[in-house]
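Worksheet: one structure, shown below.
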Amino acid sequence: MKRFVLIILVSLCFPVAVSGKTIVTTENLLGDWVLEEDGLLLTDHDVLWDEEGEYRADYYDPKIRTEIRRQIIVSNREDLKNGISRLYEETGADVPGFTATGFMPLPDGCFFLYGEIHTGHMPYKTQDRYVFAYLACFKNGFKLWDMIVDHDHYGSFSDACRTENGIALIGQRDNPDQGKNVIVYEFDSEGRIIYEKEFFGSGDDHGLRIFYEKGAFHIIGVTMSDDGPFRGSGSRDIFVGHLNRDKSATLHVLSSPDRDELWDGIYSGGEFYMLAEFDAGGERRQQLLYLDQKKNLRTFDLGAFGRNSDFKISERSGEIVLAFRKGSEEVRALVFGKDLRLLKEKKFRFSEIRAYGLLSGYDCFLAFVLGQSGNERLLITDLESFLLEEKISGLKEVVGIFQEEDGKILFCLAREDFLVCRFQNFRLLENLRETENTIILETEMRYNGKALAKAREGDGIPENAFGKHLVLHRFTSEDFVFYLADEHYYRARINVRNGEVYDIGVRLFFNGEGYLNNKKIEPGTSVEEPGHYLLEIRSGEERYALVFEVSELSETESGSVAWEEISAGALKMKPAERNSGTSELALQEDQPKNNQLFPALLIGSLTGAALGLVIPKIRRGKNA
């Protein structure tokens, strides 16, 4: 069966309604019981639980009098570790004359498109484009409202972020007498203006990025003014700023004598990270900048990577991810620690790269637009592997990528219109954990990099377990339910050792099912007859065996001896007092074998190494 490195699940034309979650599991783990569902009648299915494949289960819902079909995927752990990916088309939008610079969804299902629009209206002549700052709100494919923020001045929006009220945007507005001014707006989902701020300088000033944290706006841009709030700028300089709800603001200009360019930036916890280019004596230098809360500046020189373009920067779990293009066939991603230490470099080479987008949330994803007209494709990767490829005719660019707190990822793609898609990537992770008596292979399922909640379904682990046992868990997302098992391996624990000689009456304690000379025995059984013995413990296909000898080693002594309490895993027994001739037992554990995930078991060896975990102390009589 083909590997599930990449699966795009397409709904087939069945004569039933497709509904409910897709069940994904591994071989020999589930049975037909999992198909039972309250309120639905199972009418037919073709699932082979012990064989990999894609299956279906058909139901009839008597309440709504319709048929329902569910999909079942029986896979294997290696394929699930490579991942399952799928792409859904959610909705679309069409705005003539509009050029989008960004996309921002809201939790209620609305989404915003922002940028600039050409309407044909020209209130005055300009050397720049005749476009206006524009914002539109959509839901379920319908435009709820749209807005040009100023019909009398040209402008555009560059970036947006969520607030508790709705959406905040930053951009620039043209003023014929003054140059371009930085503008900041906040709107609610009804289109009402909640907040408005304009920064006036005598030159051209541009707002590039905006962030909202702890009730304040944090902005990044460039200025060519040396007056107003930008005092201190000498030419074209980068600035950062903090803007409060009362409209008070503090701006900090990174002044340098030459022309500076700002490609991208982020704000996190009072610190700014920016991608910039500086003109130093006619030589252009590209750098990653770090500005701490005290406005101390540190830099990482990107000169070793040559000349680059189309920079993007994002944050992922305390790491900074930087991406840039090198021509039309390569994109590089660099991962930095917050101290600007380079941690990782990844190269992506594809023919005919037209555009790309970067998302760093719970994980890092890149979306590439590839191909020429009529053969456009969307390709999605993470920093490790290729995830999905989908042909989308007329695809031009990735307008924006956004990830919700629950892991949901939305893409906005530009064609002649705009297409909003939902992306899903599921990936199995394994973690090996070891306790004193157990090796546990734990299972975790990630949804777009976020761990899905893990619910225990049950297990058949006996009280005094030995060998390999499975614990079934359920992981649920919006469209999938995964049934996967943790693997628990319980080491053999026996209180006698291979090749040793013990006194008559020695009691045997062990985990699992015990067999003495192929006869089943219970823990605590005493051996009363001299001879050679084969002790074997079993659990399913697991076997562990050793041989020992019982002989009369002591003479009868008067009085009685109290036995110590013996613990063997979950089993605890305290034998009754008995007369002399008793072997005194003490627990002692060997080191585990680590040459394989689950150690091979020694079966029936007469000369094997001493593998028992408990060594008895033997008390001999005076004349023994």
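Labeling convention for the structure tokens: chains A, B, ... as they appear, residues from 1 per chain, ligands from 1 in order of appearance.
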Quick one: which stretch 443-493 of chain A residues come within 12 Å of stretch 73-88 of chain A, and what is the nearest atom pair for each with the distance in Å to one decimal, counting only C-alpha atoms, rows ordered by chain and ascending number, as a tab-separated table?
```
residue	atom	partner	partner_atom	distance
A:Thr443	CA	A:Arg77	CA	9.8
A:Glu444	CA	A:Lys81	CA	10.0
A:Met445	CA	A:Lys81	CA	9.0
A:Arg446	CA	A:Gly83	CA	9.4
A:Tyr447	CA	A:Ile84	CA	9.8
A:Asn448	CA	A:Ser85	CA	9.3
A:Gly449	CA	A:Gly83	CA	11.1
A:Asp479	CA	A:Arg86	CA	10.8
A:Phe480	CA	A:Ile73	CA	10.3
A:Val481	CA	A:Ile73	CA	10.4
A:Phe482	CA	A:Ile73	CA	9.5
A:Tyr483	CA	A:Val74	CA	10.0
A:Leu484	CA	A:Arg77	CA	8.8
A:Ala485	CA	A:Arg77	CA	9.9
A:Asp486	CA	A:Arg77	CA	11.2
A:Glu487	CA	A:Arg77	CA	12.0
```
Save the residues we just selected, C-alpha atoms, as a tab-separated table (two decimals), in the first residue's frame?
```
chain	number	residue	atom	x	y	z
A	443	THR	CA	2.22	8.04	21.43
A	444	GLU	CA	1.46	11.69	20.65
A	445	MET	CA	-0.57	12.98	17.71
A	446	ARG	CA	0.15	16.50	16.46
A	447	TYR	CA	-2.40	18.59	14.54
A	448	ASN	CA	-0.58	21.31	12.60
A	449	GLY	CA	2.17	21.12	15.22
A	479	ASP	CA	-12.49	15.91	11.14
A	480	PHE	CA	-10.48	12.92	12.39
A	481	VAL	CA	-10.42	10.53	15.31
A	482	PHE	CA	-7.22	8.53	15.79
A	483	TYR	CA	-7.13	5.27	17.75
A	484	LEU	CA	-3.52	4.49	18.62
A	485	ALA	CA	-1.76	2.48	21.30
A	486	ASP	CA	1.06	3.12	23.74
A	487	GLU	CA	3.33	0.09	24.07
```
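Closest approach to A:Val420 from the set A:Phe98, A:Lys247, A:Cys364, A:Phe402 is made by A:Phe402, with distances taken over only C-alpha atoms.
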Please return as number ranges by chain: the residues of stretch 50-242 of chain A that backbone DSSP assigns to strand (DSSP E).
-> A: 53-61, 66-75, 84-93, 98-105, 111-117, 132-139, 142-148, 155-162, 166-175, 179-188, 193-199, 205-213, 216-223, 237-242
